[in-house]
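Data block for coords-v5.txt (compact mmCIF, C-alpha atoms (C1' of nucleotides)):
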```txt
# COMPACT_ATOMS: atom_id res chain seq x y z
CA MET Y 1 18.40 -35.07 16.75
CA SER Y 2 15.44 -35.92 14.54
CA ALA Y 3 12.35 -33.75 14.82
CA PRO Y 4 9.56 -35.26 16.92
CA ALA Y 5 7.81 -37.68 14.59
CA HIS Y 6 4.34 -36.92 15.86
CA ARG Y 7 4.57 -33.37 14.64
CA VAL Y 8 3.06 -33.62 11.22
CA PRO Y 9 5.23 -32.93 8.13
CA ALA Y 10 7.64 -30.85 10.23
CA GLY Y 11 6.12 -27.40 9.97
CA SER Y 12 4.83 -27.90 6.48
CA ALA Y 13 2.11 -25.32 7.02
CA ARG Y 14 4.60 -22.68 8.09
CA GLU Y 15 6.79 -23.39 5.10
CA ARG Y 16 3.90 -23.33 2.69
CA ILE Y 17 2.86 -19.95 4.08
CA LEU Y 18 6.36 -18.55 3.85
CA ASP Y 19 6.95 -19.88 0.35
CA THR Y 20 3.69 -18.41 -0.85
CA ALA Y 21 4.36 -15.10 0.86
CA PHE Y 22 7.82 -15.01 -0.70
CA ARG Y 23 6.40 -15.43 -4.16
CA LEU Y 24 3.51 -13.00 -3.77
CA PHE Y 25 5.33 -10.35 -1.74
CA TYR Y 26 8.15 -10.22 -4.23
CA ALA Y 27 5.82 -9.94 -7.19
CA TYR Y 28 3.34 -7.39 -5.79
CA GLY Y 29 5.02 -5.97 -2.70
CA PRO Y 30 3.89 -6.89 0.82
CA ARG Y 31 1.39 -4.07 0.89
CA GLY Y 32 -0.11 -5.24 -2.38
CA VAL Y 33 -0.94 -8.67 -1.04
CA GLY Y 34 -3.57 -9.26 1.61
CA VAL Y 35 -3.29 -12.03 4.14
CA ASP Y 36 -6.44 -13.53 2.65
CA THR Y 37 -4.60 -14.02 -0.61
CA VAL Y 38 -1.65 -15.66 1.11
CA ILE Y 39 -4.09 -17.94 2.91
CA ALA Y 40 -5.95 -18.88 -0.24
CA GLU Y 41 -2.81 -19.54 -2.28
CA SER Y 42 -1.05 -21.54 0.40
CA GLY Y 43 -4.18 -23.56 1.23
CA VAL Y 44 -3.99 -22.84 4.91
CA ALA Y 45 -6.46 -21.67 7.52
CA LYS Y 46 -6.37 -18.10 8.72
CA ALA Y 47 -5.83 -19.15 12.32
CA THR Y 48 -2.81 -21.18 11.24
CA LEU Y 49 -1.19 -18.21 9.59
CA TYR Y 50 -1.79 -16.00 12.59
CA LYS Y 51 -0.46 -18.69 14.88
CA HIS Y 52 2.89 -18.78 13.09
CA PHE Y 53 2.99 -15.07 12.30
CA PRO Y 54 0.97 -13.10 14.88
CA ARG Y 55 1.13 -9.91 12.82
CA LYS Y 56 1.44 -9.52 9.09
CA ASP Y 57 4.65 -7.65 9.75
CA ASP Y 58 6.15 -10.80 11.23
CA LEU Y 59 5.51 -12.54 7.94
CA VAL Y 60 7.07 -9.64 6.05
CA LEU Y 61 10.17 -9.82 8.23
CA ALA Y 62 10.42 -13.59 7.72
CA TYR Y 63 10.12 -12.92 4.00
CA LEU Y 64 12.99 -10.44 4.16
CA ASP Y 65 15.13 -12.97 6.05
CA LYS Y 66 14.46 -15.48 3.32
CA VAL Y 67 15.42 -12.93 0.67
CA ASP Y 68 18.57 -12.08 2.61
CA GLN Y 69 19.64 -15.70 2.66
CA ALA Y 70 18.95 -16.17 -1.03
CA TRP Y 71 20.56 -12.97 -2.26
CA PHE Y 72 23.55 -12.89 0.02
CA GLY Y 73 24.06 -16.57 -0.76
CA ALA Y 74 23.97 -15.87 -4.48
CA LEU Y 75 26.50 -13.06 -4.07
CA ARG Y 76 28.93 -15.28 -2.17
CA ALA Y 77 28.48 -18.12 -4.61
CA ALA Y 78 29.17 -15.83 -7.57
CA ALA Y 79 32.27 -14.46 -5.85
CA ARG Y 80 33.48 -17.95 -5.02
CA ASP Y 81 32.98 -19.07 -8.62
CA ALA Y 82 35.18 -16.21 -9.82
CA GLY Y 83 38.31 -17.82 -8.47
CA ASP Y 84 40.70 -17.25 -5.59
CA ASP Y 85 41.82 -13.71 -6.32
CA PRO Y 86 39.75 -11.29 -4.19
CA ARG Y 87 40.09 -8.81 -7.01
CA ASP Y 88 38.24 -11.15 -9.37
CA GLN Y 89 35.74 -11.97 -6.66
CA LEU Y 90 34.81 -8.30 -6.31
CA VAL Y 91 33.91 -8.27 -9.97
CA GLY Y 92 32.57 -11.82 -10.05
CA MET Y 93 29.86 -11.13 -7.50
CA PHE Y 94 28.13 -9.09 -10.19
CA ASP Y 95 27.34 -12.35 -11.92
CA ALA Y 96 24.72 -12.76 -9.23
CA LEU Y 97 23.13 -9.59 -10.55
CA VAL Y 98 23.37 -10.81 -14.14
CA GLY Y 99 21.75 -14.07 -13.11
CA ALA Y 100 18.98 -12.29 -11.19
CA CYS Y 101 18.14 -10.10 -14.19
CA ARG Y 102 17.74 -13.17 -16.36
CA ARG Y 103 15.43 -14.92 -13.94
CA GLU Y 104 11.74 -15.07 -14.77
CA GLY Y 105 9.74 -12.68 -12.62
CA TYR Y 106 12.73 -10.58 -11.67
CA HIS Y 107 11.45 -7.45 -10.06
CA GLY Y 108 14.35 -5.62 -8.46
CA CYS Y 109 15.55 -5.53 -4.89
CA ALA Y 110 13.03 -6.95 -2.45
CA PHE Y 111 14.53 -4.93 0.37
CA ILE Y 112 14.41 -1.60 -1.38
CA ASN Y 113 10.94 -2.29 -2.73
CA THR Y 114 9.67 -3.23 0.70
CA ALA Y 115 11.42 -0.37 2.45
CA ALA Y 116 9.91 2.03 -0.08
CA GLU Y 117 6.42 1.19 1.12
CA SER Y 118 7.19 1.07 4.83
CA PRO Y 119 7.15 3.93 7.32
CA ALA Y 120 10.50 5.47 8.19
CA GLY Y 121 11.27 4.00 11.61
CA SER Y 122 9.70 0.59 11.07
CA GLU Y 123 11.21 -2.82 11.75
CA VAL Y 124 11.22 -3.44 8.02
CA HIS Y 125 13.46 -0.43 7.60
CA ALA Y 126 15.82 -1.59 10.32
CA ARG Y 127 16.02 -5.06 8.84
CA THR Y 128 16.83 -3.61 5.44
CA VAL Y 129 19.58 -1.42 6.82
CA GLU Y 130 20.96 -4.45 8.62
CA HIS Y 131 20.98 -6.47 5.41
CA LYS Y 132 22.73 -3.75 3.43
CA THR Y 133 25.25 -3.29 6.24
CA VAL Y 134 26.11 -6.98 6.39
CA VAL Y 135 26.58 -7.19 2.64
CA ARG Y 136 28.74 -4.07 2.59
CA ALA Y 137 30.87 -5.39 5.45
CA TRP Y 138 31.47 -8.54 3.45
CA VAL Y 139 32.43 -6.55 0.36
CA THR Y 140 34.68 -4.33 2.48
CA ASP Y 141 36.49 -7.42 3.72
CA LEU Y 142 36.91 -8.60 0.15
CA ALA Y 143 38.25 -5.18 -0.85
CA ARG Y 144 40.67 -5.21 2.06
CA ARG Y 145 41.96 -8.63 1.09
CA ALA Y 146 42.31 -7.42 -2.49
CA GLY Y 147 44.65 -4.77 -1.15
CA ALA Y 148 42.52 -1.70 -1.79
CA PRO Y 149 43.96 1.38 -0.12
CA GLU Y 150 40.49 2.55 0.87
CA PRO Y 151 38.44 -0.65 1.23
CA GLU Y 152 35.43 1.16 2.74
CA LEU Y 153 35.25 3.48 -0.22
CA LEU Y 154 35.60 0.73 -2.79
CA ALA Y 155 32.96 -1.34 -1.00
CA ARG Y 156 30.66 1.66 -0.94
CA GLN Y 157 31.18 2.19 -4.64
CA LEU Y 158 30.55 -1.42 -5.53
CA THR Y 159 27.46 -1.83 -3.38
CA LEU Y 160 26.21 1.38 -4.92
CA LEU Y 161 26.44 -0.32 -8.29
CA LEU Y 162 24.69 -3.39 -6.96
CA ASP Y 163 21.88 -1.29 -5.53
CA GLY Y 164 21.58 0.68 -8.74
CA GLY Y 165 21.37 -2.49 -10.80
CA LEU Y 166 18.81 -3.98 -8.46
CA ALA Y 167 16.76 -0.82 -8.17
CA GLY Y 168 16.45 -0.51 -11.94
CA GLY Y 169 15.11 -4.05 -11.96
CA VAL Y 170 11.74 -2.83 -10.73
CA LEU Y 171 11.22 -1.46 -14.21
CA ASP Y 172 12.77 -4.02 -16.48
CA GLY Y 173 15.25 -6.81 -16.09
CA ASP Y 174 17.38 -5.79 -19.03
CA PRO Y 175 20.63 -7.75 -18.58
CA VAL Y 176 22.47 -4.88 -20.27
CA ILE Y 177 22.13 -3.06 -16.96
CA ALA Y 178 23.83 -5.85 -15.08
CA GLU Y 179 26.54 -6.02 -17.69
CA ALA Y 180 27.16 -2.29 -17.41
CA ALA Y 181 27.38 -2.70 -13.65
CA ARG Y 182 29.88 -5.51 -14.05
CA ARG Y 183 32.06 -3.46 -16.38
CA SER Y 184 31.87 -0.52 -13.99
CA ALA Y 185 32.97 -2.79 -11.18
CA ARG Y 186 35.97 -3.93 -13.20
CA ALA Y 187 36.92 -0.34 -13.95
CA LEU Y 188 36.55 0.75 -10.34
CA VAL Y 189 38.47 -2.20 -8.97
CA ASP Y 190 41.26 -1.64 -11.48
CA ALA Y 191 41.36 2.06 -10.71
CA ALA Y 192 41.49 1.45 -6.97
CA LEU Y 193 44.26 -1.12 -7.24
CA ALA Y 194 46.24 0.46 -10.03
CA MET X 1 -1.11 35.80 -22.60
CA SER X 2 -2.29 36.42 -19.02
CA ALA X 3 -4.65 33.88 -17.49
CA PRO X 4 -8.31 34.91 -17.47
CA ALA X 5 -8.65 37.19 -14.46
CA HIS X 6 -12.07 35.96 -13.50
CA ARG X 7 -10.69 32.53 -12.70
CA VAL X 8 -9.95 32.80 -9.02
CA PRO X 9 -6.32 32.68 -7.79
CA ALA X 10 -5.36 30.86 -11.02
CA GLY X 11 -5.93 27.26 -10.02
CA SER X 12 -4.84 27.76 -6.45
CA ALA X 13 -6.90 24.80 -5.29
CA ARG X 14 -5.25 22.53 -7.83
CA GLU X 15 -1.82 23.73 -6.82
CA ARG X 16 -2.55 23.32 -3.14
CA ILE X 17 -3.67 19.75 -3.79
CA LEU X 18 -0.62 18.95 -5.88
CA ASP X 19 1.80 20.52 -3.42
CA THR X 20 0.29 18.60 -0.55
CA ALA X 21 0.28 15.37 -2.52
CA PHE X 22 3.89 15.94 -3.45
CA ARG X 23 4.91 16.28 0.18
CA LEU X 24 2.82 13.40 1.50
CA PHE X 25 3.37 11.00 -1.40
CA TYR X 26 7.10 11.46 -1.22
CA ALA X 27 7.22 10.93 2.52
CA TYR X 28 4.85 7.95 2.81
CA GLY X 29 4.43 6.66 -0.72
CA PRO X 30 1.23 7.22 -2.73
CA ARG X 31 -0.27 4.03 -1.39
CA GLY X 32 0.42 5.10 2.14
CA VAL X 33 -1.61 8.26 1.83
CA GLY X 34 -5.38 8.28 1.43
CA VAL X 35 -7.17 10.94 -0.55
CA ASP X 36 -8.90 11.98 2.66
CA THR X 37 -5.53 12.92 4.11
CA VAL X 38 -4.60 14.92 1.04
CA ILE X 39 -7.95 16.69 1.29
CA ALA X 40 -7.56 17.46 4.97
CA GLU X 41 -3.98 18.71 4.65
CA SER X 42 -4.61 20.83 1.61
CA GLY X 43 -7.82 22.29 3.02
CA VAL X 44 -9.86 21.43 -0.01
CA ALA X 45 -13.20 19.79 -0.61
CA LYS X 46 -13.34 16.23 -1.82
CA ALA X 47 -15.31 17.17 -4.90
CA THR X 48 -12.64 19.71 -5.81
CA LEU X 49 -9.91 17.10 -5.69
CA TYR X 50 -11.89 14.69 -7.82
CA LYS X 51 -12.70 17.43 -10.26
CA HIS X 52 -9.04 18.18 -10.92
CA PHE X 53 -7.90 14.56 -10.62
CA PRO X 54 -10.75 12.17 -11.50
CA ARG X 55 -8.84 9.14 -10.19
CA LYS X 56 -6.22 9.01 -7.48
CA ASP X 57 -3.88 7.65 -10.11
CA ASP X 58 -4.14 10.92 -12.01
CA LEU X 59 -2.87 12.69 -8.93
CA VAL X 60 -0.05 10.19 -8.61
CA LEU X 61 0.95 10.77 -12.22
CA ALA X 62 0.85 14.54 -11.74
CA TYR X 63 3.05 14.02 -8.70
CA LEU X 64 5.55 12.07 -10.75
CA ASP X 65 5.60 14.79 -13.40
CA LYS X 66 6.39 17.31 -10.70
CA VAL X 67 9.18 15.11 -9.41
CA ASP X 68 10.52 14.69 -12.92
CA GLN X 69 10.71 18.44 -13.40
CA ALA X 70 12.41 18.99 -10.07
CA TRP X 71 14.93 16.17 -10.32
CA PHE X 72 15.81 16.48 -13.98
CA GLY X 73 16.06 20.23 -13.46
CA ALA X 74 18.43 19.73 -10.54
CA LEU X 75 20.57 17.37 -12.61
CA ARG X 76 20.86 19.84 -15.48
CA ALA X 77 21.57 22.72 -13.13
CA ALA X 78 24.33 20.75 -11.40
CA ALA X 79 25.86 19.83 -14.74
CA ARG X 80 25.67 23.42 -15.94
CA ASP X 81 27.35 24.65 -12.75
CA ALA X 82 30.25 22.28 -13.37
CA GLY X 83 31.53 24.31 -16.29
CA ASP X 84 31.62 24.01 -20.05
CA ASP X 85 33.54 20.76 -20.40
CA PRO X 86 31.03 17.91 -20.92
CA ARG X 87 33.47 15.70 -19.08
CA ASP X 88 33.14 17.80 -15.94
CA GLN X 89 29.42 18.03 -16.45
CA LEU X 90 29.10 14.25 -16.36
CA VAL X 91 30.70 14.28 -12.94
CA GLY X 92 29.14 17.52 -11.83
CA MET X 93 25.60 16.25 -12.17
CA PHE X 94 26.30 14.12 -9.12
CA ASP X 95 26.24 17.30 -7.08
CA ALA X 96 22.47 17.09 -7.51
CA LEU X 97 22.63 13.78 -5.66
CA VAL X 98 24.83 15.23 -2.96
CA GLY X 99 22.40 18.09 -2.55
CA ALA X 100 19.40 15.76 -2.42
CA CYS X 101 20.99 13.64 0.29
CA ARG X 102 21.51 16.68 2.44
CA ARG X 103 17.95 17.86 2.09
CA GLU X 104 15.62 17.43 5.05
CA GLY X 105 13.14 14.62 4.48
CA TYR X 106 15.19 13.02 1.73
CA HIS X 107 13.74 9.62 1.08
CA GLY X 108 15.27 8.23 -2.07
CA CYS X 109 13.97 8.14 -5.62
CA ALA X 110 10.29 8.98 -5.84
CA PHE X 111 10.01 7.10 -9.11
CA ILE X 112 11.55 3.89 -7.88
CA ASN X 113 9.64 4.07 -4.63
CA THR X 114 6.37 4.58 -6.45
CA ALA X 115 7.09 1.96 -9.09
CA ALA X 116 7.89 -0.51 -6.33
CA GLU X 117 4.34 -0.31 -5.03
CA SER X 118 2.61 -0.26 -8.40
CA PRO X 119 1.47 -3.22 -10.49
CA ALA X 120 3.75 -4.24 -13.34
CA GLY X 121 1.98 -2.84 -16.41
CA SER X 122 0.57 0.29 -14.81
CA GLU X 123 0.74 3.85 -16.06
CA VAL X 124 2.96 4.66 -13.12
CA HIS X 125 5.43 2.11 -14.36
CA ALA X 126 5.34 3.49 -17.87
CA ARG X 127 5.85 7.03 -16.64
CA THR X 128 8.82 5.91 -14.57
CA VAL X 129 10.43 4.13 -17.51
CA GLU X 130 9.86 7.26 -19.58
CA HIS X 131 11.55 9.44 -16.98
CA LYS X 132 14.56 7.16 -16.70
CA THR X 133 14.81 6.97 -20.48
CA VAL X 134 14.77 10.73 -20.91
CA VAL X 135 17.43 11.23 -18.26
CA ARG X 136 19.62 8.53 -19.76
CA ALA X 137 19.25 10.03 -23.25
CA TRP X 138 20.42 13.35 -21.88
CA VAL X 139 23.41 11.72 -20.18
CA THR X 140 24.18 9.81 -23.37
CA ASP X 141 24.27 13.06 -25.28
CA LEU X 142 26.64 14.51 -22.69
CA ALA X 143 28.85 11.44 -22.96
CA ARG X 144 28.86 11.71 -26.73
CA ARG X 145 29.88 15.35 -26.58
CA ALA X 146 32.58 14.43 -24.09
CA GLY X 147 33.95 12.13 -26.76
CA ALA X 148 33.26 8.79 -25.11
CA PRO X 149 33.82 5.91 -27.53
CA GLU X 150 30.76 4.11 -26.17
CA PRO X 151 28.44 6.89 -24.97
CA GLU X 152 25.52 4.52 -24.38
CA LEU X 153 27.61 2.37 -22.09
CA LEU X 154 29.01 5.29 -20.15
CA ALA X 155 25.54 6.78 -19.76
CA ARG X 156 24.25 3.45 -18.54
CA GLN X 157 27.05 3.22 -16.03
CA LEU X 158 26.52 6.72 -14.72
CA THR X 159 22.75 6.47 -14.45
CA LEU X 160 23.29 3.19 -12.65
CA LEU X 161 25.30 5.09 -10.08
CA LEU X 162 22.61 7.73 -9.84
CA ASP X 163 19.94 5.11 -9.32
CA GLY X 164 22.04 3.32 -6.75
CA GLY X 165 22.62 6.51 -4.83
CA LEU X 166 18.96 7.40 -4.96
CA ALA X 167 17.77 3.93 -4.08
CA GLY X 168 19.94 3.82 -0.99
CA GLY X 169 18.32 7.05 0.08
CA VAL X 170 15.18 5.22 1.14
CA LEU X 171 17.19 4.00 4.11
CA ASP X 172 19.35 6.91 5.05
CA GLY X 173 20.54 10.07 3.37
CA ASP X 174 24.17 9.57 4.26
CA PRO X 175 26.04 12.04 2.01
CA VAL X 176 28.97 9.63 2.01
CA ILE X 177 26.95 7.57 -0.47
CA ALA X 178 26.60 10.50 -2.83
CA GLU X 179 30.28 11.28 -2.47
CA ALA X 180 31.20 7.71 -3.30
CA ALA X 181 28.96 7.91 -6.36
CA ARG X 182 30.64 11.13 -7.42
CA ARG X 183 34.09 9.62 -7.10
CA SER X 184 32.95 6.54 -9.02
CA ALA X 185 31.67 8.80 -11.75
CA ARG X 186 35.02 10.55 -11.99
CA ALA X 187 36.82 7.22 -12.22
CA LEU X 188 34.45 5.87 -14.87
CA VAL X 189 34.58 9.02 -16.96
CA ASP X 190 38.36 9.09 -16.79
CA ALA X 191 38.57 5.41 -17.66
CA ALA X 192 36.23 5.81 -20.62
CA LEU X 193 38.07 8.83 -21.98
CA ALA X 194 41.61 7.74 -21.18
C1' DA Z 1 -30.76 40.88 -11.06
C1' DG Z 2 -29.76 36.54 -12.92
C1' DA Z 3 -26.64 32.99 -14.61
C1' DC Z 4 -22.56 30.74 -14.14
C1' DT Z 5 -18.64 28.72 -11.88
C1' DA Z 6 -15.24 27.21 -8.49
C1' DA Z 7 -15.02 25.70 -4.38
C1' DC Z 8 -16.64 24.06 0.38
C1' DA Z 9 -18.80 20.55 3.62
C1' DG Z 10 -19.77 16.21 4.54
C1' DA Z 11 -22.76 12.00 4.18
C1' DC Z 12 -22.70 7.66 1.94
C1' DA Z 13 -22.02 3.23 -0.69
C1' DG Z 14 -19.23 -0.57 -1.57
C1' DG Z 15 -15.10 -2.65 -1.19
C1' DT Z 16 -10.71 -4.32 1.12
C1' DC Z 17 -7.75 -4.89 4.87
C1' DT Z 18 -6.04 -6.89 9.40
C1' DG Z 19 -6.79 -9.50 13.20
C1' DT Z 20 -10.08 -12.27 16.44
C1' DC Z 21 -13.09 -15.77 17.49
C1' DT Z 22 -15.90 -20.07 17.50
C1' DA Z 23 -16.58 -24.75 16.06
C1' DC Z 24 -14.90 -28.75 13.98
C1' DT Z 25 -11.41 -32.71 12.33
C1' DG Z 26 -8.04 -36.21 12.76
C1' DG Z 27 -3.72 -38.08 14.26
C1' DA Z 28 -0.41 -39.12 18.26
C1' DC Z 29 0.35 -40.37 22.72
C1' DA Z 30 -0.56 -41.97 27.58
C1' DT S 1 -10.51 -44.23 26.06
C1' DG S 2 -9.35 -39.67 26.89
C1' DT S 3 -6.21 -35.75 26.12
C1' DC S 4 -3.60 -32.90 23.46
C1' DC S 5 -2.43 -30.45 19.37
C1' DA S 6 -1.93 -28.77 14.67
C1' DG S 7 -4.69 -27.62 11.41
C1' DT S 8 -9.36 -26.50 8.71
C1' DA S 9 -13.35 -23.50 7.73
C1' DG S 10 -15.33 -19.37 7.85
C1' DA S 11 -18.01 -15.64 10.28
C1' DC S 12 -17.18 -11.24 12.19
C1' DA S 13 -15.65 -6.58 13.99
C1' DG S 14 -13.57 -2.37 13.09
C1' DA S 15 -10.80 0.39 10.43
C1' DC S 16 -9.69 2.49 6.22
C1' DC S 17 -10.00 3.48 1.25
C1' DT S 18 -11.82 5.22 -3.20
C1' DG S 19 -15.17 7.42 -5.53
C1' DT S 20 -20.13 9.51 -5.78
C1' DC S 21 -23.60 12.52 -4.58
C1' DT S 22 -26.37 16.39 -2.44
C1' DG S 23 -26.57 20.87 -0.93
C1' DT S 24 -24.43 25.38 0.16
C1' DT S 25 -21.46 29.64 -0.35
C1' DA S 26 -19.30 33.36 -2.68
C1' DG S 27 -17.38 35.74 -6.42
C1' DT S 28 -17.68 37.20 -11.48
C1' DC S 29 -19.62 38.24 -15.77
C1' DT S 30 -23.64 39.75 -18.66
```

Any chance you could give the structure as structure tokens?
Amino acid sequence: MSAPAHRVPAGSARERILDTAFRLFYAYGPRGVGVDTVIAESGVAKATLYKHFPRKDDLVLAYLDKVDQAWFGALRAAARDAGDDPRDQLVGMFDALVGACRREGYHGCAFINTAAESPAGSEVHARTVEHKTVVRAWVTDLARRAGAPEPELLARQLTLLLDGGLAGGVLDGDPVIAEAARRSARALVDAALA
Amino acid sequence: MSAPAHRVPAGSARERILDTAFRLFYAYGPRGVGVDTVIAESGVAKATLYKHFPRKDDLVLAYLDKVDQAWFGALRAAARDAGDDPRDQLVGMFDALVGACRREGYHGCAFINTAAESPAGSEVHARTVEHKTVVRAWVTDLARRAGAPEPELLARQLTLLLDGGLAGGVLDGDPVIAEAARRSARALVDAALA
DNA sequence: AGACTAACAGACAGGTCTGTCTACTGGACA
DNA sequence: TGTCCAGTAGACAGACCTGTCTGTTAGTCT
């Protein structure tokens, strides 16, 4: 079960690279950060980086997977914290957005930002679509359990608000945006389940 | 009043450059298009481009101004077409989003896309904030005239929907997104003015 | 005719980027 | 002791990018 002991710090180089890439890519966008910078900041040799991530794109995709885990996790945690009623959970997930806005270095949606600088048919694009689809499916399920007559529509409306709140974050992380999104969510949920 | 006749085709070179930049920048992002490409596609000499736009950034800013005119113009036109009631205009402006989604080559919000690939304190960023502020001020005015008790909040909520709809456009121009935004707008306007 | 101006054509410098390659280091295992 | 392996260090090729500069062409005004 335990990782082979002779393999030094269990992939520490890979993790250092990915952590550094996460930080830099989010702050400046993948295109705005050269591999040399990632190498320098993570204190790793170039050959090591290219061994773990043969193309820079592989590193970008790994970065997006990391973002997906973090963001989707935050959404589910916020929904869970809102109680047992799916109706409250649909609104409560917006606390993840409020929290994100408050975080130092908040810079909007990593997926949208990355997709914006990637060619149309790229893997990055596909991965982003996949992420958005998974999140929306989860929200749709929540809406269905809340008893919404048109769960797909409500999910679409709520994810639209999420995207809008995240997109605006590229400019400033004003929490008033997240609050407005939260209040919109409440109004839409109430209207759908009236 | 008329432009000096001796000045050949009235800045045709400048316009050709700007039109080409508009098309290419929107499709691939300013960073994804080199000045050499703009030169080649607009059939202009390099010196001519750099005469009209001393730095590439100047061209990017001119591009954003063009986008601002087009998009803000489309929003106002859609609102105007919705009738005289400010309440209907607040919802009607979403027809601009529906129209944009349907357009060939639709690729989301040029401002957000460009801001996503620009450093934090850049002129591009400032111009984007300015654009969003102007649009929101206009929506706020509409909300006030519609009699909303909290026009700033309603405007924030509606522009959030606009941004969300536009942001999602980087991935696909599914008109169902714009329709969902429109229906959200109706629900939010009704809820605010109930 | 002469001066001016807008634009064309394209070489060039200097920098950055990705990705490859060689040579070396030190620990783990047989 | 010898082999393997992950990692370090850094040179290098080749592409691309911005911005500058030189020289030429053609039309317009005086």

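A straight line drawn from atom CA of Gly99 of chain Y to atom CA of Gly168 of chain Y is 14.6 Å long.
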
May I ask for the distance between atom CA of Arg87 of chain Y and atom CA of Ala146 of chain Y, given in Å to one decimal place?
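Between atom CA of Arg87 of chain Y and atom CA of Ala146 of chain Y the gap is 5.2 Å.
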
Give me, as a PyMOL selection string, the contact residues of chain S against chain Y at a cut-off of 9 Å, counting only C-alpha atoms (C1' of nucleotides).
chain S and resi 5-9

With C-alpha atoms (C1' of nucleotides) kept, could you save the residues just selected as a compact mmCIF listing (two decimals), in the frame of the given file?
```
# COMPACT_ATOMS: atom_id res chain seq x y z
C1' DC S 5 -2.43 -30.45 19.37
C1' DA S 6 -1.93 -28.77 14.67
C1' DG S 7 -4.69 -27.62 11.41
C1' DT S 8 -9.36 -26.50 8.71
C1' DA S 9 -13.35 -23.50 7.73
```

Could you tell me how far atom CA of Gly32 of chain X lies from atom CA of Ala110 of chain X, in Å and to one decimal?
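Taking atom CA of Gly32 of chain X as the start and atom CA of Ala110 of chain X as the end point, the length is 13.3 Å.
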
Would you pick out the contacts of Gly34 of chain Y at 10 Å or less, using only C-alpha atoms (C1' of nucleotides), so that residues sharing its chain but fewer than 4 positions from it are not included, and give the list as a list in words?
Ala21, Leu24, Phe25, Pro30, Val38, Ile39 and Lys56 of chain Y; DT16, DC17 and DT18 of chain Z

Kindly list the centre and edge lengths in Å, rounded to one decimal, for the axis-aligned box that covers all listed atoms of segment 15-24 of chain Z plus 4 Å on each of its six sides, as lines of an AutoDock Vina configuration file.
```
center_x = -11.3
center_y = -15.7
center_z = 8.2
size_x = 18.5
size_y = 34.1
size_z = 26.7
```

Counting all atoms listed in the file, the residue of Y:Arg14, Y:His52, Y:Arg102, Y:Arg31 that sits nearest chain Z
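That would be Y:Arg31, the residue with the smallest distance to chain Z.
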